[in-house]
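> Following this message is one structure expressed as structure tokens.
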Amino acid sequence: MNELPRPPLREAPRTLETAAPRRRRRLWRWLLLLAVLAGGGWYAWQRGWLPWPPQPERAASAPPAGFGPSGGPRGRMTVPVSTADAAVTDVPILLDALGTVQAFNTITIVPQVAGRITEIAFTEGQEVKAGDVLVRIDPRTYQAALDQAVATKAQREAQLANARLDLQRYATLVRGQGASQQTLDTQRATVAQLEAQVQYDQATIENAQAQLDYTVIRSPINGRVGLRQLDIGNLVQSSSGGIVTVTQMRPISVTFTLPQQALPQVMTALAAGPVQVEARLPEPTIPRADGTPPPPNPVGTLVTVDNQVDAATGTIRLKATFPNEDMRLWPGAFVNIRLQVALLRDVVAIPLVAVQRGPDGPYAFVVQANSTVAQRPLTLGVVSGTQAVVQRGLQPGDRVVTSGALRLTAGAPVQVADPVRPPAATPGPRRRPGGAQ
């Protein structure tokens, strides 16, 4: 049987449920388009591309033709930067190192005789002078030994005096043939023996006196007393550990290391005169009560260089001495050391932050008269601290960019935010008169 043709399918009528979402989508598209147009118009108006509405403030400060509102070429973003001037100045050659503070002398007080401690004559942390009493040990047994030695010597001296009288008598009898020569010689030997015994007794007295003196322990140097390790009543011996430590802190020493490549510069500076060393201490976190600024960093003198290079690290050890009158350097502390080994006079220098590095070497961005920057290749000399010596590429007075250079290219317009002139070269420790510069 032949199948009857089917009628065509009809679209279902649109209902309110399906039409509402489509209208909302159209509405959002129109709103988004209007927002884009409004944003573009506001941006063009801010850039000065729209002549309406007239703005008196813009008209009064309008830049020259061909330039944007900030003075740069029209169509390029102006980059805010900071600058500094290339200046002719003196640049010190400074070497920095990490040093360790050491007491000029460190004495551990150890008893030299045995006995009980009867007195502690110091206070922990006290400043003492050479000869001040620190500790007393029970002296009775040593006083008795001294008295015994003195008595023995007195006995020997009495025997010696009697022997000498007998020697005189025997000498008279021998001349009158009343005694033999052998008797006289024997008496002479007796006198010599007693004289030797008297000398032995004198040495015994001196030894006993020294032992008695050891019962009073005195400070051998001027210094500061540390924390005591023993108290009154403890029994000590000559093999005991230390009772206390005395450190000499005025003056004080600092040892530090430098790479072996710096040895020629240091030796040249030492040959020219005393080399001053600066100990750079951290700034105090708590201000002074009276509001006065902190004192300057301590300055000392380089004493010597070690007699060999450490083969394991390739460094040399150096030692400097500081007066340390204000006691700001403390034994065992770490300090940053800076010493000046030379001084370059009348050279062109710029801040080190202005130097950029590229495939062709160092360069700097120089601000020109039309508020754009030019990229200048540089030939650098010595870099010391925060200063870089420029041998070629800049003239005194050129303004170089110190911050904001990452967004710059050659010819980019800039706006100088805070033009400053670099301070004079950071001085290192001043050399004494007669020293090399």
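Just so we're on the same page: first chain in the structure tokens is A, next is B, and so on; residues restart at 1 for each chain, and ligands are numbered from 1 in the order they show up.
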Can you tell me which residues surround stretch 344-359 of chain A at a distance of at most 10 Å, considering only C-alpha atoms, apart from same-chain residues fewer than 5 positions away, and format the answer as a PDB file with C-alpha atoms, in the first residue's frame?


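Dumped everything to around.pdb:
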```pdb
ATOM      1  CA  SER A  82      63.984  60.421  38.907  1.00  0.00           C
ATOM      2  CA  THR A  83      67.283  61.871  37.830  1.00  0.00           C
ATOM      3  CA  ALA A  84      70.697  62.869  39.117  1.00  0.00           C
ATOM      4  CA  ASP A  85      73.455  64.987  37.620  1.00  0.00           C
ATOM      5  CA  ALA A  86      76.804  63.655  36.503  1.00  0.00           C
ATOM      6  CA  ALA A  87      79.269  65.605  38.642  1.00  0.00           C
ATOM      7  CA  VAL A  88      83.012  66.069  38.967  1.00  0.00           C
ATOM      8  CA  THR A  89      83.968  64.884  42.413  1.00  0.00           C
ATOM      9  CA  ASP A  90      86.485  62.897  44.444  1.00  0.00           C
ATOM     10  CA  VAL A  91      85.692  59.187  44.644  1.00  0.00           C
ATOM     11  CA  PRO A  92      87.329  57.131  47.401  1.00  0.00           C
ATOM     12  CA  ILE A  93      88.349  53.552  46.674  1.00  0.00           C
ATOM     13  CA  ALA A 364      72.563  55.182  30.870  1.00  0.00           C
ATOM     14  CA  PHE A 365      69.450  57.138  29.878  1.00  0.00           C
ATOM     15  CA  VAL A 366      70.169  60.868  29.620  1.00  0.00           C
ATOM     16  CA  GLN A 375      70.543  56.026  25.455  1.00  0.00           C
ATOM     17  CA  PRO A 377      76.834  53.834  26.010  1.00  0.00           C
ATOM     18  CA  LEU A 378      79.293  54.216  28.893  1.00  0.00           C
ATOM     19  CA  LEU A 380      83.090  52.770  33.321  1.00  0.00           C
ATOM     20  CA  GLY A 381      86.080  53.040  35.580  1.00  0.00           C
ATOM     21  CA  VAL A 382      86.129  52.141  39.254  1.00  0.00           C
ATOM     22  CA  VAL A 383      82.848  51.309  40.980  1.00  0.00           C
ATOM     23  CA  SER A 384      83.057  52.259  44.648  1.00  0.00           C
ATOM     24  CA  GLY A 385      80.137  51.968  47.026  1.00  0.00           C
ATOM     25  CA  THR A 386      77.158  53.768  45.433  1.00  0.00           C
ATOM     26  CA  GLN A 387      79.270  55.735  42.931  1.00  0.00           C
ATOM     27  CA  ALA A 388      80.452  54.725  39.450  1.00  0.00           C
ATOM     28  CA  VAL A 389      83.280  56.548  37.677  1.00  0.00           C
ATOM     29  CA  VAL A 390      82.492  57.302  34.009  1.00  0.00           C
ATOM     30  CA  GLN A 391      85.487  57.521  31.706  1.00  0.00           C
ATOM     31  CA  ARG A 392      83.590  58.127  28.457  1.00  0.00           C
ATOM     32  CA  LEU A 394      78.883  61.572  29.801  1.00  0.00           C
ATOM     33  CA  GLN A 395      79.773  65.176  30.432  1.00  0.00           C
ATOM     34  CA  PRO A 396      79.520  66.997  33.764  1.00  0.00           C
ATOM     35  CA  GLY A 397      75.970  68.270  34.215  1.00  0.00           C
ATOM     36  CA  ASP A 398      74.238  65.560  32.164  1.00  0.00           C
ATOM     37  CA  ARG A 399      71.064  64.366  33.843  1.00  0.00           C
ATOM     38  CA  VAL A 400      70.856  60.573  34.067  1.00  0.00           C
ATOM     39  CA  VAL A 401      67.794  58.551  35.021  1.00  0.00           C
ATOM     40  CA  THR A 402      68.119  56.852  38.395  1.00  0.00           C
ATOM     41  CA  SER A 403      64.636  55.282  38.693  1.00  0.00           C
ATOM     42  CA  GLY A 404      61.966  54.357  36.150  1.00  0.00           C
ATOM     43  CA  ALA A 405      64.474  53.183  33.525  1.00  0.00           C
ATOM     44  CA  LEU A 406      62.793  49.786  33.082  1.00  0.00           C
ATOM     45  CA  ARG A 421      71.761  66.486  42.563  1.00  0.00           C
ATOM     46  CA  PRO A 422      73.942  63.679  43.881  1.00  0.00           C
ATOM     47  CA  PRO A 423      75.682  64.402  47.155  1.00  0.00           C
ATOM     48  CA  ALA A 424      79.402  64.572  47.354  1.00  0.00           C
ATOM     49  CA  ALA A 425      81.154  61.221  47.129  1.00  0.00           C
ATOM     50  CA  GLN A 437      95.532  59.760  48.812  1.00  0.00           C
TER      51      GLN A 437
END
```

> Using only C-alpha atoms, which of A:Ala269, A:Ala163, A:Ala149, A:Ile120 sits nearest A:Asp231?

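Ranked by minimum distance to A:Asp231, first place goes to A:Ile120.
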
> Would you mind writing down, as a PyMOL selection string, each residue of stretch 84-310 of chain A that DSSP on the backbone assigns to strand (DSSP E or B)?

chain A and resi 84-85+87-109+115-120+127-128+133-137+216-218+223-225+235-236+244-259+276-280+299-305+310

> Work out how far apart atom CA of A:Thr292 and atom CA of A:Glu278 are and give it in Å to one decimal.

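Straight-line distance from atom CA of A:Thr292 to atom CA of A:Glu278 works out to 21.6 Å.
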
> Using DSSP on the backbone coordinates, identify the residues of stretch 69-206 of chain A assigned to helix (DSSP H, G or I); present them as a PDB file with N, CA, C and O atoms, in the first residue's frame.


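Printed below is states06.pdb as written:
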```pdb
ATOM      1  N   ARG A 140      96.842  30.662 105.556  1.00  0.00           N
ATOM      2  CA  ARG A 140      97.460  30.242 106.812  1.00  0.00           C
ATOM      3  C   ARG A 140      98.575  29.221 106.602  1.00  0.00           C
ATOM      4  O   ARG A 140      99.655  29.346 107.183  1.00  0.00           O
ATOM      5  N   THR A 141      98.345  28.220 105.792  1.00  0.00           N
ATOM      6  CA  THR A 141      99.390  27.210 105.605  1.00  0.00           C
ATOM      7  C   THR A 141     100.618  27.797 104.924  1.00  0.00           C
ATOM      8  O   THR A 141     101.754  27.421 105.240  1.00  0.00           O
ATOM      9  N   TYR A 142     100.422  28.710 104.041  1.00  0.00           N
ATOM     10  CA  TYR A 142     101.550  29.309 103.333  1.00  0.00           C
ATOM     11  C   TYR A 142     102.296  30.299 104.233  1.00  0.00           C
ATOM     12  O   TYR A 142     103.516  30.437 104.124  1.00  0.00           O
ATOM     13  N   GLN A 143     101.577  30.963 105.127  1.00  0.00           N
ATOM     14  CA  GLN A 143     102.247  31.821 106.103  1.00  0.00           C
ATOM     15  C   GLN A 143     103.090  30.996 107.052  1.00  0.00           C
ATOM     16  O   GLN A 143     104.223  31.373 107.406  1.00  0.00           O
ATOM     17  N   ALA A 144     102.581  29.831 107.448  1.00  0.00           N
ATOM     18  CA  ALA A 144     103.350  28.951 108.325  1.00  0.00           C
ATOM     19  C   ALA A 144     104.611  28.439 107.632  1.00  0.00           C
ATOM     20  O   ALA A 144     105.689  28.360 108.249  1.00  0.00           O
ATOM     21  N   ALA A 145     104.514  28.080 106.379  1.00  0.00           N
ATOM     22  CA  ALA A 145     105.696  27.610 105.648  1.00  0.00           C
ATOM     23  C   ALA A 145     106.734  28.715 105.542  1.00  0.00           C
ATOM     24  O   ALA A 145     107.945  28.468 105.635  1.00  0.00           O
ATOM     25  N   LEU A 146     106.276  29.961 105.350  1.00  0.00           N
ATOM     26  CA  LEU A 146     107.216  31.074 105.288  1.00  0.00           C
ATOM     27  C   LEU A 146     107.897  31.274 106.642  1.00  0.00           C
ATOM     28  O   LEU A 146     109.130  31.474 106.704  1.00  0.00           O
ATOM     29  N   ASP A 147     107.158  31.219 107.715  1.00  0.00           N
ATOM     30  CA  ASP A 147     107.754  31.389 109.045  1.00  0.00           C
ATOM     31  C   ASP A 147     108.765  30.285 109.328  1.00  0.00           C
ATOM     32  O   ASP A 147     109.845  30.537 109.919  1.00  0.00           O
ATOM     33  N   GLN A 148     108.472  29.074 108.898  1.00  0.00           N
ATOM     34  CA  GLN A 148     109.401  27.966 109.114  1.00  0.00           C
ATOM     35  C   GLN A 148     110.697  28.184 108.337  1.00  0.00           C
ATOM     36  O   GLN A 148     111.797  27.924 108.851  1.00  0.00           O
ATOM     37  N   ALA A 149     110.581  28.659 107.123  1.00  0.00           N
ATOM     38  CA  ALA A 149     111.781  28.903 106.325  1.00  0.00           C
ATOM     39  C   ALA A 149     112.621  30.019 106.925  1.00  0.00           C
ATOM     40  O   ALA A 149     113.860  29.959 106.933  1.00  0.00           O
ATOM     41  N   VAL A 150     111.977  31.038 107.461  1.00  0.00           N
ATOM     42  CA  VAL A 150     112.719  32.133 108.094  1.00  0.00           C
ATOM     43  C   VAL A 150     113.459  31.628 109.333  1.00  0.00           C
ATOM     44  O   VAL A 150     114.637  31.970 109.583  1.00  0.00           O
ATOM     45  N   ALA A 151     112.808  30.784 110.135  1.00  0.00           N
ATOM     46  CA  ALA A 151     113.459  30.251 111.340  1.00  0.00           C
ATOM     47  C   ALA A 151     114.643  29.359 110.979  1.00  0.00           C
ATOM     48  O   ALA A 151     115.698  29.397 111.652  1.00  0.00           O
ATOM     49  N   THR A 152     114.489  28.547 109.954  1.00  0.00           N
ATOM     50  CA  THR A 152     115.586  27.664 109.539  1.00  0.00           C
ATOM     51  C   THR A 152     116.786  28.482 109.087  1.00  0.00           C
ATOM     52  O   THR A 152     117.953  28.164 109.395  1.00  0.00           O
ATOM     53  N   LYS A 153     116.532  29.545 108.365  1.00  0.00           N
ATOM     54  CA  LYS A 153     117.634  30.386 107.926  1.00  0.00           C
ATOM     55  C   LYS A 153     118.337  31.032 109.120  1.00  0.00           C
ATOM     56  O   LYS A 153     119.576  31.132 109.159  1.00  0.00           O
ATOM     57  N   ALA A 154     117.583  31.470 110.117  1.00  0.00           N
ATOM     58  CA  ALA A 154     118.201  32.067 111.305  1.00  0.00           C
ATOM     59  C   ALA A 154     119.088  31.056 112.025  1.00  0.00           C
ATOM     60  O   ALA A 154     120.178  31.388 112.520  1.00  0.00           O
ATOM     61  N   GLN A 155     118.643  29.795 112.094  1.00  0.00           N
ATOM     62  CA  GLN A 155     119.455  28.753 112.715  1.00  0.00           C
ATOM     63  C   GLN A 155     120.751  28.545 111.942  1.00  0.00           C
ATOM     64  O   GLN A 155     121.840  28.436 112.533  1.00  0.00           O
ATOM     65  N   ARG A 156     120.668  28.482 110.633  1.00  0.00           N
ATOM     66  CA  ARG A 156     121.865  28.286 109.810  1.00  0.00           C
ATOM     67  C   ARG A 156     122.817  29.486 109.951  1.00  0.00           C
ATOM     68  O   ARG A 156     124.046  29.328 109.972  1.00  0.00           O
ATOM     69  N   GLU A 157     122.283  30.657 110.027  1.00  0.00           N
ATOM     70  CA  GLU A 157     123.151  31.831 110.166  1.00  0.00           C
ATOM     71  C   GLU A 157     123.900  31.804 111.497  1.00  0.00           C
ATOM     72  O   GLU A 157     125.081  32.197 111.580  1.00  0.00           O
ATOM     73  N   ALA A 158     123.229  31.345 112.590  1.00  0.00           N
ATOM     74  CA  ALA A 158     123.915  31.228 113.888  1.00  0.00           C
ATOM     75  C   ALA A 158     125.035  30.193 113.815  1.00  0.00           C
ATOM     76  O   ALA A 158     126.144  30.402 114.343  1.00  0.00           O
ATOM     77  N   GLN A 159     124.769  29.057 113.175  1.00  0.00           N
ATOM     78  CA  GLN A 159     125.805  28.038 113.030  1.00  0.00           C
ATOM     79  C   GLN A 159     126.968  28.548 112.188  1.00  0.00           C
ATOM     80  O   GLN A 159     128.139  28.255 112.456  1.00  0.00           O
ATOM     81  N   LEU A 160     126.636  29.329 111.140  1.00  0.00           N
ATOM     82  CA  LEU A 160     127.688  29.889 110.299  1.00  0.00           C
ATOM     83  C   LEU A 160     128.559  30.854 111.075  1.00  0.00           C
ATOM     84  O   LEU A 160     129.803  30.861 110.927  1.00  0.00           O
ATOM     85  N   ALA A 161     127.971  31.685 111.923  1.00  0.00           N
ATOM     86  CA  ALA A 161     128.757  32.640 112.707  1.00  0.00           C
ATOM     87  C   ALA A 161     129.706  31.902 113.648  1.00  0.00           C
ATOM     88  O   ALA A 161     130.892  32.284 113.794  1.00  0.00           O
ATOM     89  N   ASN A 162     129.250  30.849 114.296  1.00  0.00           N
ATOM     90  CA  ASN A 162     130.114  30.080 115.195  1.00  0.00           C
ATOM     91  C   ASN A 162     131.224  29.395 114.420  1.00  0.00           C
ATOM     92  O   ASN A 162     132.384  29.337 114.862  1.00  0.00           O
ATOM     93  N   ALA A 163     130.899  28.858 113.232  1.00  0.00           N
ATOM     94  CA  ALA A 163     131.920  28.181 112.425  1.00  0.00           C
ATOM     95  C   ALA A 163     132.992  29.158 111.967  1.00  0.00           C
ATOM     96  O   ALA A 163     134.180  28.810 111.874  1.00  0.00           O
ATOM     97  N   ARG A 164     132.612  30.358 111.651  1.00  0.00           N
ATOM     98  CA  ARG A 164     133.619  31.354 111.254  1.00  0.00           C
ATOM     99  C   ARG A 164     134.571  31.696 112.412  1.00  0.00           C
ATOM    100  O   ARG A 164     135.777  31.896 112.199  1.00  0.00           O
ATOM    101  N   LEU A 165     134.042  31.779 113.658  1.00  0.00           N
ATOM    102  CA  LEU A 165     134.909  32.036 114.819  1.00  0.00           C
ATOM    103  C   LEU A 165     135.893  30.887 115.033  1.00  0.00           C
ATOM    104  O   LEU A 165     137.090  31.105 115.319  1.00  0.00           O
ATOM    105  N   ASP A 166     135.393  29.649 114.891  1.00  0.00           N
ATOM    106  CA  ASP A 166     136.288  28.499 115.024  1.00  0.00           C
ATOM    107  C   ASP A 166     137.367  28.524 113.953  1.00  0.00           C
ATOM    108  O   ASP A 166     138.534  28.139 114.198  1.00  0.00           O
ATOM    109  N   LEU A 167     136.971  28.969 112.721  1.00  0.00           N
ATOM    110  CA  LEU A 167     137.963  29.043 111.654  1.00  0.00           C
ATOM    111  C   LEU A 167     139.076  30.018 112.017  1.00  0.00           C
ATOM    112  O   LEU A 167     140.276  29.765 111.763  1.00  0.00           O
ATOM    113  N   GLN A 168     138.741  31.148 112.613  1.00  0.00           N
ATOM    114  CA  GLN A 168     139.766  32.112 113.027  1.00  0.00           C
ATOM    115  C   GLN A 168     140.686  31.510 114.109  1.00  0.00           C
ATOM    116  O   GLN A 168     141.910  31.692 114.076  1.00  0.00           O
ATOM    117  N   ARG A 169     140.092  30.780 115.064  1.00  0.00           N
ATOM    118  CA  ARG A 169     140.907  30.163 116.122  1.00  0.00           C
ATOM    119  C   ARG A 169     141.872  29.128 115.539  1.00  0.00           C
ATOM    120  O   ARG A 169     143.059  29.094 115.884  1.00  0.00           O
ATOM    121  N   TYR A 170     141.343  28.276 114.635  1.00  0.00           N
ATOM    122  CA  TYR A 170     142.227  27.271 114.052  1.00  0.00           C
ATOM    123  C   TYR A 170     143.333  27.901 113.218  1.00  0.00           C
ATOM    124  O   TYR A 170     144.472  27.413 113.175  1.00  0.00           O
ATOM    125  N   ALA A 171     143.041  29.012 112.573  1.00  0.00           N
ATOM    126  CA  ALA A 171     144.091  29.680 111.790  1.00  0.00           C
ATOM    127  C   ALA A 171     145.184  30.195 112.698  1.00  0.00           C
ATOM    128  O   ALA A 171     146.387  30.109 112.374  1.00  0.00           O
ATOM    129  N   THR A 172     144.825  30.726 113.898  1.00  0.00           N
ATOM    130  CA  THR A 172     145.833  31.212 114.848  1.00  0.00           C
ATOM    131  C   THR A 172     146.667  30.045 115.403  1.00  0.00           C
ATOM    132  O   THR A 172     147.898  30.135 115.545  1.00  0.00           O
ATOM    133  N   LEU A 173     146.015  28.908 115.717  1.00  0.00           N
ATOM    134  CA  LEU A 173     146.723  27.747 116.259  1.00  0.00           C
ATOM    135  C   LEU A 173     147.667  27.151 115.227  1.00  0.00           C
ATOM    136  O   LEU A 173     148.777  26.662 115.574  1.00  0.00           O
ATOM    137  N   VAL A 174     147.255  27.163 113.964  1.00  0.00           N
ATOM    138  CA  VAL A 174     148.139  26.594 112.934  1.00  0.00           C
ATOM    139  C   VAL A 174     149.400  27.434 112.789  1.00  0.00           C
ATOM    140  O   VAL A 174     150.514  26.904 112.630  1.00  0.00           O
ATOM    141  N   ARG A 175     149.291  28.754 112.916  1.00  0.00           N
ATOM    142  CA  ARG A 175     150.484  29.581 112.831  1.00  0.00           C
ATOM    143  C   ARG A 175     151.425  29.306 114.007  1.00  0.00           C
ATOM    144  O   ARG A 175     152.641  29.395 113.891  1.00  0.00           O
ATOM    145  N   GLN A 181     147.177  21.362 109.936  1.00  0.00           N
ATOM    146  CA  GLN A 181     146.602  22.009 108.738  1.00  0.00           C
ATOM    147  C   GLN A 181     145.316  21.332 108.327  1.00  0.00           C
ATOM    148  O   GLN A 181     144.390  21.975 107.829  1.00  0.00           O
ATOM    149  N   GLN A 182     145.189  20.027 108.573  1.00  0.00           N
ATOM    150  CA  GLN A 182     143.975  19.308 108.222  1.00  0.00           C
ATOM    151  C   GLN A 182     142.776  19.822 109.004  1.00  0.00           C
ATOM    152  O   GLN A 182     141.669  19.966 108.459  1.00  0.00           O
ATOM    153  N   THR A 183     142.968  20.118 110.249  1.00  0.00           N
ATOM    154  CA  THR A 183     141.869  20.647 111.064  1.00  0.00           C
ATOM    155  C   THR A 183     141.396  21.992 110.525  1.00  0.00           C
ATOM    156  O   THR A 183     140.200  22.289 110.479  1.00  0.00           O
ATOM    157  N   LEU A 184     142.368  22.817 110.099  1.00  0.00           N
ATOM    158  CA  LEU A 184     142.011  24.132 109.539  1.00  0.00           C
ATOM    159  C   LEU A 184     141.221  23.979 108.247  1.00  0.00           C
ATOM    160  O   LEU A 184     140.219  24.664 108.021  1.00  0.00           O
ATOM    161  N   ASP A 185     141.633  23.055 107.384  1.00  0.00           N
ATOM    162  CA  ASP A 185     140.915  22.850 106.118  1.00  0.00           C
ATOM    163  C   ASP A 185     139.514  22.306 106.363  1.00  0.00           C
ATOM    164  O   ASP A 185     138.562  22.680 105.664  1.00  0.00           O
ATOM    165  N   THR A 186     139.372  21.443 107.329  1.00  0.00           N
ATOM    166  CA  THR A 186     138.046  20.904 107.637  1.00  0.00           C
ATOM    167  C   THR A 186     137.107  21.996 108.112  1.00  0.00           C
ATOM    168  O   THR A 186     135.923  22.049 107.748  1.00  0.00           O
ATOM    169  N   GLN A 187     137.642  22.904 108.909  1.00  0.00           N
ATOM    170  CA  GLN A 187     136.796  23.994 109.409  1.00  0.00           C
ATOM    171  C   GLN A 187     136.402  24.942 108.288  1.00  0.00           C
ATOM    172  O   GLN A 187     135.283  25.455 108.263  1.00  0.00           O
ATOM    173  N   ARG A 188     137.298  25.148 107.325  1.00  0.00           N
ATOM    174  CA  ARG A 188     136.960  25.985 106.178  1.00  0.00           C
ATOM    175  C   ARG A 188     135.824  25.351 105.372  1.00  0.00           C
ATOM    176  O   ARG A 188     134.917  26.039 104.891  1.00  0.00           O
ATOM    177  N   ALA A 189     135.869  24.047 105.203  1.00  0.00           N
ATOM    178  CA  ALA A 189     134.808  23.353 104.483  1.00  0.00           C
ATOM    179  C   ALA A 189     133.488  23.472 105.227  1.00  0.00           C
ATOM    180  O   ALA A 189     132.415  23.619 104.616  1.00  0.00           O
ATOM    181  N   THR A 190     133.556  23.404 106.570  1.00  0.00           N
ATOM    182  CA  THR A 190     132.329  23.539 107.361  1.00  0.00           C
ATOM    183  C   THR A 190     131.708  24.920 107.171  1.00  0.00           C
ATOM    184  O   THR A 190     130.484  25.067 107.047  1.00  0.00           O
ATOM    185  N   VAL A 191     132.540  25.944 107.152  1.00  0.00           N
ATOM    186  CA  VAL A 191     132.042  27.302 106.944  1.00  0.00           C
ATOM    187  C   VAL A 191     131.398  27.437 105.561  1.00  0.00           C
ATOM    188  O   VAL A 191     130.307  28.015 105.401  1.00  0.00           O
ATOM    189  N   ALA A 192     132.048  26.882 104.537  1.00  0.00           N
ATOM    190  CA  ALA A 192     131.492  26.971 103.184  1.00  0.00           C
ATOM    191  C   ALA A 192     130.155  26.230 103.081  1.00  0.00           C
ATOM    192  O   ALA A 192     129.211  26.676 102.410  1.00  0.00           O
ATOM    193  N   GLN A 193     130.074  25.070 103.772  1.00  0.00           N
ATOM    194  CA  GLN A 193     128.831  24.313 103.760  1.00  0.00           C
ATOM    195  C   GLN A 193     127.699  25.084 104.409  1.00  0.00           C
ATOM    196  O   GLN A 193     126.570  25.128 103.890  1.00  0.00           O
ATOM    197  N   LEU A 194     127.979  25.743 105.518  1.00  0.00           N
ATOM    198  CA  LEU A 194     126.941  26.518 106.200  1.00  0.00           C
ATOM    199  C   LEU A 194     126.532  27.733 105.374  1.00  0.00           C
ATOM    200  O   LEU A 194     125.353  28.122 105.372  1.00  0.00           O
ATOM    201  N   GLU A 195     127.472  28.337 104.667  1.00  0.00           N
ATOM    202  CA  GLU A 195     127.114  29.473 103.788  1.00  0.00           C
ATOM    203  C   GLU A 195     126.174  29.020 102.675  1.00  0.00           C
ATOM    204  O   GLU A 195     125.208  29.729 102.331  1.00  0.00           O
ATOM    205  N   ALA A 196     126.427  27.850 102.110  1.00  0.00           N
ATOM    206  CA  ALA A 196     125.539  27.331 101.073  1.00  0.00           C
ATOM    207  C   ALA A 196     124.157  27.030 101.641  1.00  0.00           C
ATOM    208  O   ALA A 196     123.121  27.278 100.978  1.00  0.00           O
ATOM    209  N   GLN A 197     124.117  26.491 102.865  1.00  0.00           N
ATOM    210  CA  GLN A 197     122.826  26.217 103.480  1.00  0.00           C
ATOM    211  C   GLN A 197     122.030  27.488 103.749  1.00  0.00           C
ATOM    212  O   GLN A 197     120.806  27.518 103.620  1.00  0.00           O
ATOM    213  N   VAL A 198     122.736  28.555 104.110  1.00  0.00           N
ATOM    214  CA  VAL A 198     122.050  29.833 104.318  1.00  0.00           C
ATOM    215  C   VAL A 198     121.444  30.332 103.001  1.00  0.00           C
ATOM    216  O   VAL A 198     120.321  30.846 102.981  1.00  0.00           O
ATOM    217  N   GLN A 199     122.202  30.177 101.899  1.00  0.00           N
ATOM    218  CA  GLN A 199     121.646  30.573 100.593  1.00  0.00           C
ATOM    219  C   GLN A 199     120.425  29.717 100.230  1.00  0.00           C
ATOM    220  O   GLN A 199     119.440  30.226  99.681  1.00  0.00           O
ATOM    221  N   TYR A 200     120.490  28.434 100.573  1.00  0.00           N
ATOM    222  CA  TYR A 200     119.353  27.555 100.298  1.00  0.00           C
ATOM    223  C   TYR A 200     118.140  27.984 101.111  1.00  0.00           C
ATOM    224  O   TYR A 200     117.013  28.004 100.616  1.00  0.00           O
ATOM    225  N   ASP A 201     118.391  28.346 102.371  1.00  0.00           N
ATOM    226  CA  ASP A 201     117.284  28.801 103.214  1.00  0.00           C
ATOM    227  C   ASP A 201     116.678  30.091 102.691  1.00  0.00           C
ATOM    228  O   ASP A 201     115.455  30.298 102.771  1.00  0.00           O
ATOM    229  N   GLN A 202     117.527  30.975 102.124  1.00  0.00           N
ATOM    230  CA  GLN A 202     117.005  32.219 101.561  1.00  0.00           C
ATOM    231  C   GLN A 202     116.100  31.939 100.355  1.00  0.00           C
ATOM    232  O   GLN A 202     115.045  32.539 100.199  1.00  0.00           O
ATOM    233  N   ALA A 203     116.512  30.984  99.518  1.00  0.00           N
ATOM    234  CA  ALA A 203     115.679  30.605  98.380  1.00  0.00           C
ATOM    235  C   ALA A 203     114.364  29.991  98.847  1.00  0.00           C
ATOM    236  O   ALA A 203     113.294  30.225  98.250  1.00  0.00           O
ATOM    237  N   THR A 204     114.430  29.215  99.948  1.00  0.00           N
ATOM    238  CA  THR A 204     113.206  28.631 100.487  1.00  0.00           C
ATOM    239  C   THR A 204     112.266  29.716 100.996  1.00  0.00           C
ATOM    240  O   THR A 204     111.033  29.649 100.807  1.00  0.00           O
ATOM    241  N   ILE A 205     112.831  30.737 101.596  1.00  0.00           N
ATOM    242  CA  ILE A 205     112.013  31.855 102.073  1.00  0.00           C
ATOM    243  C   ILE A 205     111.335  32.563 100.897  1.00  0.00           C
ATOM    244  O   ILE A 205     110.136  32.887 100.943  1.00  0.00           O
ATOM    245  N   GLU A 206     112.084  32.803  99.844  1.00  0.00           N
ATOM    246  CA  GLU A 206     111.518  33.492  98.687  1.00  0.00           C
ATOM    247  C   GLU A 206     110.412  32.669  98.042  1.00  0.00           C
ATOM    248  O   GLU A 206     109.376  33.204  97.605  1.00  0.00           O
TER     249      GLU A 206
END
```

> Could you check the closest approach to A:Gln112 for each of A:Tyr214, A:Phe256, A:Trp30, A:Tyr43 and tell me which residue wins, using only C-alpha atoms?

A:Tyr214

> Between A:Trp330, A:Phe104, A:Phe322, A:Trp28, which is the closest to A:Ile221 once you count only C-alpha atoms?

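Counting only C-alpha atoms, the residue closest to A:Ile221 is A:Phe104.
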
> Rank A:Ser238, A:Thr379, A:Thr304, A:Thr106 by their smallest atom-to-atom distance to A:Met267, using only C-alpha atoms, and report the top residue only.

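Selected residue with least distance to A:Met267: A:Thr304.
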
> What does the distance from atom CA of A:Ile316 to atom CA of A:Gly273 come to in Å, to one decimal?

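Result for atom CA of A:Ile316 versus atom CA of A:Gly273: 19.9 Å, one decimal.
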
> Counting only C-alpha atoms, what is within 7 Å of A:Thr255, bar same-chain residues fewer than 4 positions away, as a list in words?

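The residues that qualify are Gly99, Thr100, Val101, Arg317, Leu318, Lys319 and Ala320 of chain A.
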
> Taking only C-alpha atoms into account, which of A:Leu329, A:Leu37, A:Val254, A:Val299 comes nearest A:Val277?

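Ranking A:Leu329, A:Leu37, A:Val254, A:Val299 by distance to A:Val277, first place goes to A:Val299.
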
> Could you name the residues that touch A:Pro259 at 12 Å or less, counting only C-alpha atoms, but leaving out those on the same chain fewer than 2 positions away, as a list in words?

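The contact residues come out as Leu95, Asp96, Ala97, Leu98, Phe256, Thr257, Gln261, Ala262, Leu263, Pro264, Gln265, Val266, Val309, Asp310, Ala311, Ala312, Thr313, Gly314, Thr315, Ile316, Arg317 and Leu318 of chain A.
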